[in-house]
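Engineer: Here it is: the structure, laid out below.
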Amino acid sequence: MVRTRFAPSPTGYLHIGGARTALFSWAYARKMGGEFILRIEDTDLERSTQASVQAILDGMAWLGIDWDEGPYYQMQRMERYKEVVDQLLEEGHAYYCYASKDELDVMREAQKARGDKPRYDGRWRPETGKALPVPPPGVMPVIRFKTPQDGVVTFNDMIKGPISVANAELDDLVIVRGDGVPTYNFGVVVDDWDMRISHVIRGDDHVNNTPRQINILNALGAPIPTYAHVPMILGNDGERLSKRHGAVSVLQYRDEGFLPEALLNYLARLGWSHGDEEKFSLDQFVEWFDLGHVSHSAARFDGSKLAWLNQQYLKEADNTRLAELVQPFLHAQNIDTGSNDNLAGLIGLVKERVNTVAELADGLHIYFKQNLASADDLRAKLPRTALPAFEQLKQDFATVAWEAPALSQLLKDTAQAFGLKMGQIGMPLRLILFGTAQTPAIDQVLALLGRDETLRRFESAWPHILLVVE
């Protein structure tokens, strides 16, 4: 069975790169009828936090990336790591190293001075006929893996193709620190083995770790997973992705008003394609996904394209759902929507013009809070000679059937009766009621605003109009 995994370190939020890795791993498992495992690699004791764990879980839940097993936590598996490292020690595949940090620093500086590649020189590596130093007292040794000195590690990456690395290029890496905590390259090997991971899909910053991990798996007699290394994500300027490019928590995108399906769709297109398809559902993505169509080159993150895609999903989203999503944004602006039963209807008018739920809240603001138009705008759009038309309109609003067709006809009739064009009625009316000349179709807006609120706003704004209009 295909079994993939996502194994983040809880040292921060779930960012764009991690979310894409999770998505690709999840999609491959779903496509192949397999299982997706979540593992938390929390052996970085100084930087790992429970808050980061929760941020990762919350981010995946918001995106809708579910898992079949886990989350497993490495720090809860310490006995298992000790059991495996004891096996490696007993079989001669690992050894204790007592070299201090200062010693290793001196060693590396000397290598650099000679123009050599800095690497562990094997001073504590046991060899036939080699006399090892006497272990210094009081030193907690690390445990190093005894890397084969001959041969080549070759694996067929599902994205990059065949990769070969000579063992002579690899030194003896530390697999257990002095405090007994396993390092990344050892913990991940034991976990992938125990959890029967068949396919390791991860960022290509791990390519150099793969030969080391294969050597450890071979020493343990464990099966070798199939590897697929996904190219990194760059900013739109070609630089390494950073916060200024949008490399922030996926939950920040939620808080900025993006829809999870839009972000997932965008992440899917970062380095993968299915013909020229730009917009597709998660089910379609799973149906189409294959690692052979993942690009070999780095993807570029374009915030403006994400905003465009989010706009397309907003246009199609159910208005009742959007009404629930927009409420927190409106409340943050101290807007109470309880007095208006037409929030979903208003959303239907406004959502075509915005990119995010946050912008949707801004667009709805004028329907819940009256804003007085500026004196300059009123003078420019509402001449004093037109005031009688609006006096009459205010009276007719009290009796007209309150529905869009009747309101539209009333506005036309008023314009005709007073020798005005429709623009000379619609635009000043928007300024009177909303404080802005930009709204959707005025008859539909009025219908949703309601008779009582329309008349209230007219009465409230009228003294201001009479004061400023010349």
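Residues are referred to by chain and number: the chain letter is A, B, ... according to the order shown in the structure tokens, the number counts from 1 in that chain, and ligands are numbered separately from 1 in the order shown.
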Which parts of segment 14-157 of chain A does DSSP call strand (DSSP E) when run on the backbone here, written out as a PDB file with C-alpha atoms, in the first residue's frame?

Structural biologist:
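What ended up in out.pdb:
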```pdb
ATOM      1  CA  GLU A  35      -2.797   6.341   3.515  1.00  0.00           C
ATOM      2  CA  PHE A  36      -1.435   9.688   4.672  1.00  0.00           C
ATOM      3  CA  ILE A  37       0.387   9.943   7.989  1.00  0.00           C
ATOM      4  CA  LEU A  38       1.078  13.036  10.078  1.00  0.00           C
ATOM      5  CA  ARG A  39       4.242  13.070  12.189  1.00  0.00           C
ATOM      6  CA  ILE A  40       5.521  15.891  14.356  1.00  0.00           C
ATOM      7  CA  GLU A  69      -2.776   8.139  11.223  1.00  0.00           C
ATOM      8  CA  GLY A  70      -1.165  10.376  13.793  1.00  0.00           C
ATOM      9  CA  PRO A  71      -0.090  12.811  14.739  1.00  0.00           C
ATOM     10  CA  TYR A  72       2.908  10.844  15.971  1.00  0.00           C
ATOM     11  CA  TYR A  73       5.441  12.719  18.119  1.00  0.00           C
ATOM     12  CA  ALA A  94      27.734   3.130  14.733  1.00  0.00           C
ATOM     13  CA  TYR A  95      30.213   4.277  17.359  1.00  0.00           C
ATOM     14  CA  TYR A  96      30.745   6.740  20.187  1.00  0.00           C
ATOM     15  CA  CYS A  97      32.566   9.967  19.399  1.00  0.00           C
ATOM     16  CA  VAL A 142      27.602  11.595  20.571  1.00  0.00           C
ATOM     17  CA  ILE A 143      26.901   8.538  18.461  1.00  0.00           C
ATOM     18  CA  ARG A 144      27.971   8.619  14.834  1.00  0.00           C
ATOM     19  CA  PHE A 145      26.898   6.401  11.975  1.00  0.00           C
ATOM     20  CA  VAL A 152      27.875   4.703  -4.493  1.00  0.00           C
ATOM     21  CA  VAL A 153      24.367   5.430  -3.258  1.00  0.00           C
ATOM     22  CA  THR A 154      21.946   5.578  -6.185  1.00  0.00           C
ATOM     23  CA  PHE A 155      18.227   6.247  -6.058  1.00  0.00           C
ATOM     24  CA  ASN A 156      15.648   7.106  -8.694  1.00  0.00           C
ATOM     25  CA  ASP A 157      13.915  10.299  -7.636  1.00  0.00           C
TER      26      ASP A 157
END
```

Engineer: Near segment 173-186 of chain A, counting only C-alpha atoms, which residues have an atom at most 9 Å away, once you skip same-chain residues fewer than 5 positions from it, shown as a PyMOL selection string?

Structural biologist: chain A and resi 41+43-44+75+78+81-82+85+94+97+120+139-147+191+209-210+212-213+216

Engineer: When you count only C-alpha atoms, which of these residues is closest to Ile214 of chain A: A:Ser100, A:Tyr227, A:Arg430, A:Tyr266?

Structural biologist: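 Of A:Ser100, A:Tyr227, A:Arg430, A:Tyr266, the one nearest Ile214 of chain A, counting only C-alpha atoms, is A:Tyr227.
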
Engineer: Pick from A:Leu411, A:Val84, A:Ala437, A:Leu346: nearest to Leu372 of chain A, with only C-alpha atoms counted?

Structural biologist: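 Among the listed residues, the smallest separation from Leu372 of chain A belongs to A:Ala437.
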
Engineer: Excluding segment 272-282 of chain A and its own-chain neighbours fewer than 5 positions away, which residues fall within 8 Å of it when counting only C-alpha atoms? Please give them as a VMD selection string.

Structural biologist: chain A and resid 261 264 to 265 288 to 289 293 to 295 309

Engineer: Which residues, written as number ranges by chain, have at least one atom at most 8 Å from Ala307 of chain A, with only C-alpha atoms counted and residues fewer than 3 positions away on the same chain left out?

Structural biologist: A: 303-304, 310-311, 355-356

Engineer: Those residues with N, CA, C and O atoms, as an mmCIF file, in the first residue's frame please?

Structural biologist:
```
data_model
loop_
_atom_site.group_PDB
_atom_site.id
_atom_site.type_symbol
_atom_site.label_atom_id
_atom_site.label_comp_id
_atom_site.auth_asym_id
_atom_site.auth_seq_id
_atom_site.Cartn_x
_atom_site.Cartn_y
_atom_site.Cartn_z
ATOM 1 N N GLY A 303 1.591 36.730 -5.357
ATOM 2 C CA GLY A 303 0.458 37.102 -4.532
ATOM 3 C C GLY A 303 -0.717 37.647 -5.314
ATOM 4 O O GLY A 303 -1.874 37.420 -4.958
ATOM 5 N N SER A 304 -0.443 38.354 -6.404
ATOM 6 C CA SER A 304 -1.529 38.923 -7.198
ATOM 7 C C SER A 304 -2.322 37.821 -7.891
ATOM 8 O O SER A 304 -3.549 37.928 -8.044
ATOM 9 N N ASN A 310 -8.565 33.764 -5.724
ATOM 10 C CA ASN A 310 -9.498 33.867 -4.599
ATOM 11 C C ASN A 310 -10.766 34.602 -5.012
ATOM 12 O O ASN A 310 -11.876 34.258 -4.591
ATOM 13 N N GLN A 311 -10.594 35.607 -5.856
ATOM 14 C CA GLN A 311 -11.760 36.347 -6.348
ATOM 15 C C GLN A 311 -12.700 35.429 -7.124
ATOM 16 O O GLN A 311 -13.928 35.519 -6.987
ATOM 17 N N ASN A 355 -11.580 40.912 -3.728
ATOM 18 C CA ASN A 355 -10.662 39.777 -3.845
ATOM 19 C C ASN A 355 -10.655 38.892 -2.613
ATOM 20 O O ASN A 355 -10.267 37.722 -2.699
ATOM 21 N N THR A 356 -11.016 39.426 -1.460
ATOM 22 C CA THR A 356 -10.949 38.669 -0.208
ATOM 23 C C THR A 356 -12.187 38.935 0.637
ATOM 24 O O THR A 356 -12.932 39.891 0.391
#
```

Engineer: Can you measure atom CA of Leu241 of chain A to atom CA of Val165 of chain A for me? One decimal in Å is fine.

Structural biologist: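 Straight-line distance from atom CA of Leu241 of chain A to atom CA of Val165 of chain A works out to 28.2 Å.
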
Engineer: If you measure from atom CA of Arg202 of chain A to atom CA of Asp290 of chain A, what distance in Å do you get, rounded to one decimal?

Structural biologist: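 Taking atom CA of Arg202 of chain A as the start and atom CA of Asp290 of chain A as the end point, the length is 14.5 Å.
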
Engineer: Find the residue from A:Gln54, A:Ser460, A:Thr226, A:Thr337 that sits nearest to Ala373 of chain A; use only C-alpha atoms when measuring.

Structural biologist: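 With only C-alpha atoms as the atom set, the closest residue is A:Ser460.
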
Engineer: According to DSSP computed on the backbone, where in segment 37-197 of chain A is there helix (DSSP H, G or I)? Give the residues as a count of residues only.

Structural biologist: 57

Engineer: Residues within 10 Å of Asp452 of chain A, please, as a list in words. Count only C-alpha atoms; anything in the same chain fewer than 6 positions from it doesn't count.

Structural biologist: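 Answer for this query is Phe397, Ala398 and Phe458 of chain A.
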